[in-house]
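Accompanying notes for the structure given below.
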Amino acid sequence: MRKSRQFYPARRETNVKWKSDHEPKCFRCGGNHTTANCPQRDKNSKPASANVGQEVHFTFVTEPEAMENKPEVPTQDAFSLHSLVNAGKAIIDGGATASVGSADALDQVQRINKELGKQRDVTLDFNSSPSFRFGNNGKTQCLSTAQLEVPLAEKTGKMKIHVHDIPQQPVLLSIAALRSLGAVIDFSDDTCILKHIDASRVIQLERATSGHQVFPLTQDIFQNSKQRHTSFVSLFDSSSE
Ligand SMILES: [Zn+2]
């Protein structure tokens, strides 16, 4: 029995659902192909109907310009933003009000899950496609909203991600998702406790070359965790009220 942990309250969805051990499915049209191979990819994205008023706000991250004056210090576990997409990992982004990700990134998540032989369902809602502002690109309308199954503490969590078609952008894990996980993050050493999932384990987060912390979408983030003697309660002293 797998217990589903909802990062978000579930809503009734009109949608396409598939299992990752089956054919790939398209985040643009729901067809049996990867989004990259969608026959509709060159058509104008969405009909203007869906949720035009809804707007997602977030601080988008851009790959920093090469820093010529600083010596490159290669870190074994460091990911560039592009390699994050290939690795099926999201960026923890406290500036994002909703989680977003490119169809490229989610195609890759599907591919990895299939390679791992993991059956992880994805539900797509084509009636939920908010628009958002993306750096200098102006307003972009999402293709769909996906509910991804993500391994979490030996169980399965669901993560809601708005899917856009800006190439090769990683998934950004929003402040709303972080809140629902009960995330407490120590930025000095990239450790994290997800209070609402397991308050007795300390997760060691990976850090991208850009400095962003990273959340894996195809592996269990608790793989890199250590057991505490007690459950974490609060940053306040236990004696304080
Ligand atoms: Zn398609």
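Residue numbering restarts at 1 in every chain; chains get A, B, ... in the order shown in the structure tokens, and ligands count up from 1 in that same order.
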
### Message
Distance limit 7 Å, reference ligand 1, atoms considered: only C-alpha atoms and all ligand atoms. Which residues make the cut? Give them as a PyMOL selection string.
### Response
chain A and resi 26-31+33-35+37-40

Report the residues of range 121-202 of chain A whose backbone DSSP state falls under strand (DSSP E), written as a short mmCIF file (atom, residue, chain, number, x, y, z; two decimals) with N, CA, C and O atoms, in the first residue's frame.
```cif
data_model
loop_
_atom_site.label_atom_id
_atom_site.label_comp_id
_atom_site.auth_asym_id
_atom_site.auth_seq_id
_atom_site.Cartn_x
_atom_site.Cartn_y
_atom_site.Cartn_z
N VAL A 122 1.35 10.47 -13.11
CA VAL A 122 1.27 11.91 -13.34
C VAL A 122 -0.16 12.22 -13.76
O VAL A 122 -0.72 11.51 -14.58
N THR A 123 -0.73 13.22 -13.16
CA THR A 123 -2.05 13.67 -13.58
C THR A 123 -1.90 15.05 -14.19
O THR A 123 -1.20 15.89 -13.65
N LEU A 124 -2.54 15.24 -15.32
CA LEU A 124 -2.42 16.52 -16.01
C LEU A 124 -3.77 17.20 -16.06
O LEU A 124 -4.77 16.58 -16.39
N ASP A 125 -3.77 18.48 -15.75
CA ASP A 125 -4.98 19.27 -15.83
C ASP A 125 -4.78 20.35 -16.88
O ASP A 125 -3.96 21.25 -16.69
N SER A 131 -0.98 32.04 -16.12
CA SER A 131 0.13 32.72 -16.78
C SER A 131 1.09 33.24 -15.71
O SER A 131 0.73 33.37 -14.55
N PHE A 132 2.29 33.49 -16.10
CA PHE A 132 3.26 34.04 -15.15
C PHE A 132 4.28 34.86 -15.91
O PHE A 132 4.36 34.80 -17.13
N ARG A 133 5.02 35.63 -15.18
CA ARG A 133 6.04 36.47 -15.80
C ARG A 133 7.40 35.84 -15.59
O ARG A 133 7.75 35.41 -14.53
N LYS A 139 4.81 37.84 -20.42
CA LYS A 139 3.86 36.90 -19.84
C LYS A 139 3.90 35.57 -20.60
O LYS A 139 3.88 35.56 -21.83
N THR A 140 3.92 34.52 -19.86
CA THR A 140 3.90 33.19 -20.49
C THR A 140 2.72 32.42 -19.91
O THR A 140 2.48 32.45 -18.71
N GLN A 141 2.00 31.75 -20.80
CA GLN A 141 0.89 30.93 -20.32
C GLN A 141 1.35 29.48 -20.18
O GLN A 141 2.02 28.96 -21.07
N SER A 144 -0.17 23.33 -19.00
CA SER A 144 -1.01 22.45 -18.19
C SER A 144 -0.49 22.50 -16.76
O SER A 144 0.53 23.14 -16.49
N THR A 145 -1.21 21.85 -15.88
CA THR A 145 -0.73 21.71 -14.51
C THR A 145 -0.62 20.23 -14.20
O THR A 145 -1.57 19.47 -14.38
N ALA A 146 0.55 19.83 -13.77
CA ALA A 146 0.82 18.41 -13.51
C ALA A 146 0.84 18.14 -12.01
O ALA A 146 1.26 18.98 -11.23
N GLN A 147 0.32 16.98 -11.65
CA GLN A 147 0.53 16.47 -10.29
C GLN A 147 1.51 15.31 -10.43
O GLN A 147 1.15 14.27 -10.97
N LEU A 148 2.70 15.52 -9.95
CA LEU A 148 3.74 14.50 -10.08
C LEU A 148 3.79 13.69 -8.81
O LEU A 148 3.69 14.24 -7.72
N GLU A 149 3.98 12.42 -8.94
CA GLU A 149 4.26 11.60 -7.76
C GLU A 149 5.76 11.62 -7.52
O GLU A 149 6.55 11.33 -8.42
N VAL A 150 6.11 11.97 -6.30
CA VAL A 150 7.52 12.12 -5.95
C VAL A 150 7.81 11.24 -4.74
O VAL A 150 7.05 11.27 -3.77
N PRO A 151 8.89 10.44 -4.78
CA PRO A 151 9.21 9.60 -3.63
C PRO A 151 9.60 10.47 -2.44
O PRO A 151 10.35 11.43 -2.60
N LEU A 152 9.05 10.15 -1.27
CA LEU A 152 9.25 11.00 -0.11
C LEU A 152 9.16 10.16 1.15
O LEU A 152 8.09 9.62 1.46
N LYS A 155 7.70 6.84 1.05
CA LYS A 155 6.33 6.84 0.57
C LYS A 155 6.27 7.68 -0.70
O LYS A 155 7.28 7.89 -1.34
N THR A 156 5.07 8.12 -1.03
CA THR A 156 4.93 8.91 -2.25
C THR A 156 4.22 10.21 -1.95
O THR A 156 3.17 10.21 -1.32
N GLY A 157 4.81 11.30 -2.36
CA GLY A 157 4.17 12.60 -2.22
C GLY A 157 3.68 13.08 -3.57
O GLY A 157 4.10 12.58 -4.61
N LYS A 158 2.76 14.03 -3.54
CA LYS A 158 2.30 14.61 -4.80
C LYS A 158 2.74 16.05 -4.88
O LYS A 158 2.60 16.79 -3.92
N MET A 159 3.26 16.42 -6.00
CA MET A 159 3.73 17.78 -6.18
C MET A 159 3.04 18.40 -7.38
O MET A 159 3.00 17.80 -8.45
N LYS A 160 2.46 19.57 -7.15
CA LYS A 160 1.73 20.25 -8.22
C LYS A 160 2.66 21.23 -8.92
O LYS A 160 3.25 22.09 -8.27
N ILE A 161 2.78 21.06 -10.21
CA ILE A 161 3.72 21.90 -10.97
C ILE A 161 3.03 22.45 -12.21
O ILE A 161 2.47 21.70 -13.01
N HIS A 162 3.07 23.76 -12.39
CA HIS A 162 2.58 24.37 -13.63
C HIS A 162 3.64 24.20 -14.71
O HIS A 162 4.81 24.52 -14.49
N VAL A 163 3.21 23.69 -15.85
CA VAL A 163 4.17 23.33 -16.90
C VAL A 163 4.19 24.39 -18.00
O VAL A 163 3.14 24.75 -18.55
N HIS A 164 5.37 24.90 -18.32
CA HIS A 164 5.51 25.87 -19.41
C HIS A 164 6.46 25.29 -20.45
O HIS A 164 7.06 24.24 -20.25
N VAL A 171 12.62 22.75 -12.79
CA VAL A 171 11.44 22.92 -11.94
C VAL A 171 11.83 23.79 -10.75
O VAL A 171 12.90 23.62 -10.17
N LEU A 172 10.97 24.74 -10.42
CA LEU A 172 11.17 25.58 -9.23
C LEU A 172 10.16 25.16 -8.17
O LEU A 172 8.96 25.19 -8.42
N LEU A 173 10.67 24.77 -7.03
CA LEU A 173 9.80 24.32 -5.94
C LEU A 173 9.40 25.54 -5.12
O LEU A 173 10.26 26.21 -4.56
N ALA A 183 9.05 22.77 5.76
CA ALA A 183 10.50 22.83 5.57
C ALA A 183 11.15 23.85 6.50
O ALA A 183 10.71 24.99 6.60
N VAL A 184 12.18 23.40 7.20
CA VAL A 184 13.04 24.28 8.00
C VAL A 184 14.44 24.09 7.45
O VAL A 184 14.99 23.00 7.49
N ILE A 185 14.99 25.15 6.87
CA ILE A 185 16.26 25.02 6.14
C ILE A 185 17.35 25.84 6.84
O ILE A 185 17.13 26.99 7.19
N ASP A 186 18.48 25.22 7.06
CA ASP A 186 19.67 25.93 7.54
C ASP A 186 20.53 26.23 6.32
O ASP A 186 21.16 25.34 5.75
N THR A 191 21.37 22.06 5.34
CA THR A 191 20.60 20.98 5.95
C THR A 191 19.14 21.42 6.07
O THR A 191 18.83 22.60 6.06
N CYS A 192 18.29 20.44 6.19
CA CYS A 192 16.86 20.72 6.12
C CYS A 192 16.09 19.67 6.91
O CYS A 192 16.45 18.49 6.92
N ILE A 193 15.04 20.12 7.56
CA ILE A 193 14.08 19.20 8.18
C ILE A 193 12.72 19.47 7.55
O ILE A 193 12.33 20.63 7.40
N LEU A 194 12.05 18.41 7.15
CA LEU A 194 10.69 18.56 6.64
C LEU A 194 9.74 18.12 7.76
O LEU A 194 9.43 16.95 7.91
N ASP A 198 8.82 14.10 8.20
CA ASP A 198 9.51 13.34 9.24
C ASP A 198 10.41 14.31 10.01
O ASP A 198 11.48 14.68 9.54
N ALA A 199 9.94 14.70 11.20
CA ALA A 199 10.64 15.72 11.98
C ALA A 199 11.87 15.18 12.68
O ALA A 199 12.58 15.91 13.35
N SER A 200 12.12 13.88 12.55
CA SER A 200 13.26 13.31 13.27
C SER A 200 14.44 13.03 12.34
O SER A 200 15.42 12.42 12.75
N ARG A 201 14.34 13.44 11.10
CA ARG A 201 15.46 13.22 10.20
C ARG A 201 15.96 14.53 9.59
O ARG A 201 15.18 15.39 9.18
N VAL A 202 17.27 14.66 9.54
CA VAL A 202 17.91 15.85 8.97
C VAL A 202 18.42 15.50 7.58
O VAL A 202 19.20 14.56 7.40
#
```

### Pairwise distance for CA of Val85 in chain A and CA of Gly117 in chain A, rounded to one decimal in Å
19.2 Å

### Message
Can you pull out the residues contacting Leu81 in chain A? Cut-off 9 Å, using only C-alpha atoms, and skip same-chain residues under 4 positions away; I want them as a PyMOL selection string.
### Response
chain A and resi 62-63+85+91+168-170+208-210

Same residues, all heavy atoms, saved as a short mmCIF file (atom, residue, chain, number, x, y, z; two decimals), in the first residue's frame:
```cif
data_model
loop_
_atom_site.label_atom_id
_atom_site.label_comp_id
_atom_site.auth_asym_id
_atom_site.auth_seq_id
_atom_site.Cartn_x
_atom_site.Cartn_y
_atom_site.Cartn_z
N THR A 62 18.24 32.76 -13.09
CA THR A 62 18.95 32.66 -14.36
C THR A 62 20.36 32.18 -14.08
O THR A 62 20.89 32.39 -13.00
CB THR A 62 19.04 34.02 -15.06
OG1 THR A 62 19.50 34.97 -14.11
CG2 THR A 62 17.70 34.43 -15.60
N GLU A 63 20.89 31.51 -15.03
CA GLU A 63 22.26 31.02 -14.88
C GLU A 63 23.19 32.23 -14.84
O GLU A 63 23.13 33.09 -15.70
CB GLU A 63 22.62 30.13 -16.07
CG GLU A 63 23.83 29.30 -15.84
CD GLU A 63 23.52 27.81 -16.08
OE1 GLU A 63 22.66 27.50 -16.91
OE2 GLU A 63 24.17 27.00 -15.43
N VAL A 85 18.13 19.80 -14.92
CA VAL A 85 17.04 19.28 -15.75
C VAL A 85 17.33 17.83 -16.09
O VAL A 85 16.47 16.95 -15.94
CB VAL A 85 16.90 20.13 -17.04
CG1 VAL A 85 15.94 19.47 -18.02
CG2 VAL A 85 16.42 21.53 -16.69
N ILE A 91 14.82 23.13 -8.20
CA ILE A 91 15.47 24.16 -7.39
C ILE A 91 14.50 24.58 -6.30
O ILE A 91 13.32 24.82 -6.56
CB ILE A 91 15.82 25.37 -8.27
CG1 ILE A 91 17.07 25.04 -9.09
CG2 ILE A 91 16.03 26.62 -7.44
CD1 ILE A 91 17.43 26.13 -10.07
N GLN A 168 14.42 24.00 -21.41
CA GLN A 168 15.51 23.63 -20.51
C GLN A 168 15.52 24.37 -19.18
O GLN A 168 16.58 24.53 -18.57
CB GLN A 168 16.87 23.81 -21.21
CG GLN A 168 17.10 22.81 -22.35
CD GLN A 168 17.11 21.36 -21.85
OE1 GLN A 168 17.69 21.04 -20.80
NE2 GLN A 168 16.46 20.47 -22.58
N GLN A 169 14.34 24.82 -18.72
CA GLN A 169 14.31 25.47 -17.41
C GLN A 169 13.97 24.42 -16.35
O GLN A 169 13.06 23.63 -16.53
CB GLN A 169 13.26 26.58 -17.37
CG GLN A 169 13.57 27.72 -18.32
CD GLN A 169 14.86 28.44 -17.97
OE1 GLN A 169 15.31 28.43 -16.83
NE2 GLN A 169 15.47 29.04 -18.98
N PRO A 170 14.71 24.44 -15.26
CA PRO A 170 14.42 23.45 -14.21
C PRO A 170 13.10 23.74 -13.49
O PRO A 170 12.54 24.83 -13.60
CB PRO A 170 15.59 23.63 -13.24
CG PRO A 170 16.13 24.99 -13.49
CD PRO A 170 15.82 25.33 -14.92
N ALA A 208 23.42 23.50 -6.06
CA ALA A 208 23.81 23.68 -7.46
C ALA A 208 24.98 24.65 -7.54
O ALA A 208 25.26 25.38 -6.59
CB ALA A 208 22.63 24.23 -8.26
N THR A 209 25.66 24.67 -8.68
CA THR A 209 26.78 25.60 -8.86
C THR A 209 26.32 27.04 -8.69
O THR A 209 27.09 27.90 -8.28
CB THR A 209 27.41 25.46 -10.26
OG1 THR A 209 26.36 25.49 -11.22
CG2 THR A 209 28.16 24.14 -10.39
N SER A 210 25.05 27.30 -9.00
CA SER A 210 24.50 28.64 -8.87
C SER A 210 24.31 29.03 -7.41
O SER A 210 24.01 30.18 -7.11
CB SER A 210 23.16 28.69 -9.57
OG SER A 210 22.31 27.68 -9.05
#
```

### Query
Given the choices A:Gln110, A:Gln204, A:Thr97, A:Ser83, which gets closest to Leu217 in chain A if the distance is worked out from only C-alpha atoms?
A:Gln110

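For the atom pair formed by CA of Ala176 in chain A and CA of Cys142 in chain A, the distance is 18.2 Å, given to one decimal.
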
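Distances to Ile92 in chain A were evaluated for A:Val214, A:Leu116, A:Val109, A:Ile166 using only C-alpha atoms, and the minimum falls at A:Val214.
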
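CA of Ile203 in chain A sits 13.9 Å away from CA of Leu178 in chain A.
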
### Message
List the spatial neighbours of Asp220 in chain A as an MDAnalysis selection string - criterion: any atom at most 7 Å away, only C-alpha atoms, same-chain residues fewer than 2 positions off excluded.
### Response
chainID A and resid 151:153 216 218 222:223

### Task
From the DSSP assignment of the backbone, select every residue of range 163-210 of chain A that is alpha helix (DSSP H), and format the answer as a ChimeraX atom specification.
/A:175-181

Restrict the selected residues to all heavy atoms and save them as an mmCIF file, in the first residue's frame.
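result.cif written:
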```
data_model
loop_
_atom_site.group_PDB
_atom_site.id
_atom_site.type_symbol
_atom_site.label_atom_id
_atom_site.label_comp_id
_atom_site.auth_asym_id
_atom_site.auth_seq_id
_atom_site.Cartn_x
_atom_site.Cartn_y
_atom_site.Cartn_z
ATOM 1 N N ILE A 175 7.391 28.362 -2.526
ATOM 2 C CA ILE A 175 7.258 28.591 -1.089
ATOM 3 C C ILE A 175 6.028 27.867 -0.547
ATOM 4 O O ILE A 175 6.034 27.371 0.582
ATOM 5 C CB ILE A 175 7.215 30.109 -0.788
ATOM 6 C CG1 ILE A 175 7.351 30.354 0.708
ATOM 7 C CG2 ILE A 175 5.969 30.779 -1.358
ATOM 8 C CD1 ILE A 175 7.718 31.768 1.041
ATOM 9 N N ALA A 176 4.975 27.760 -1.348
ATOM 10 C CA ALA A 176 3.772 27.045 -0.894
ATOM 11 C C ALA A 176 4.085 25.566 -0.680
ATOM 12 O O ALA A 176 3.658 24.964 0.314
ATOM 13 C CB ALA A 176 2.648 27.215 -1.916
ATOM 14 N N ALA A 177 4.853 24.979 -1.589
ATOM 15 C CA ALA A 177 5.235 23.571 -1.434
ATOM 16 C C ALA A 177 6.124 23.405 -0.211
ATOM 17 O O ALA A 177 5.960 22.459 0.570
ATOM 18 C CB ALA A 177 5.955 23.083 -2.693
ATOM 19 N N LEU A 178 7.047 24.340 -0.021
ATOM 20 C CA LEU A 178 7.951 24.255 1.131
ATOM 21 C C LEU A 178 7.174 24.360 2.438
ATOM 22 O O LEU A 178 7.445 23.656 3.404
ATOM 23 C CB LEU A 178 9.007 25.360 1.054
ATOM 24 C CG LEU A 178 9.997 25.206 -0.112
ATOM 25 C CD1 LEU A 178 10.780 26.494 -0.325
ATOM 26 C CD2 LEU A 178 10.945 24.034 0.146
ATOM 27 N N ARG A 179 6.185 25.237 2.466
ATOM 28 C CA ARG A 179 5.352 25.376 3.668
ATOM 29 C C ARG A 179 4.587 24.093 3.942
ATOM 30 O O ARG A 179 4.480 23.641 5.071
ATOM 31 C CB ARG A 179 4.347 26.514 3.496
ATOM 32 C CG ARG A 179 4.949 27.854 3.729
ATOM 33 C CD ARG A 179 3.897 28.855 4.211
ATOM 34 N NE ARG A 179 4.544 30.155 4.314
ATOM 35 C CZ ARG A 179 4.446 31.086 3.377
ATOM 36 N NH1 ARG A 179 3.713 30.895 2.311
ATOM 37 N NH2 ARG A 179 5.081 32.234 3.526
ATOM 38 N N SER A 180 4.029 23.518 2.894
ATOM 39 C CA SER A 180 3.207 22.328 3.136
ATOM 40 C C SER A 180 4.070 21.142 3.569
ATOM 41 O O SER A 180 3.595 20.243 4.245
ATOM 42 C CB SER A 180 2.362 21.996 1.912
ATOM 43 O OG SER A 180 3.185 21.632 0.849
ATOM 44 N N LEU A 181 5.348 21.168 3.197
ATOM 45 C CA LEU A 181 6.267 20.132 3.673
ATOM 46 C C LEU A 181 6.745 20.421 5.102
ATOM 47 O O LEU A 181 7.345 19.573 5.740
ATOM 48 C CB LEU A 181 7.500 20.060 2.762
ATOM 49 C CG LEU A 181 7.283 19.549 1.335
ATOM 50 C CD1 LEU A 181 8.480 19.893 0.464
ATOM 51 C CD2 LEU A 181 7.053 18.047 1.343
#
```
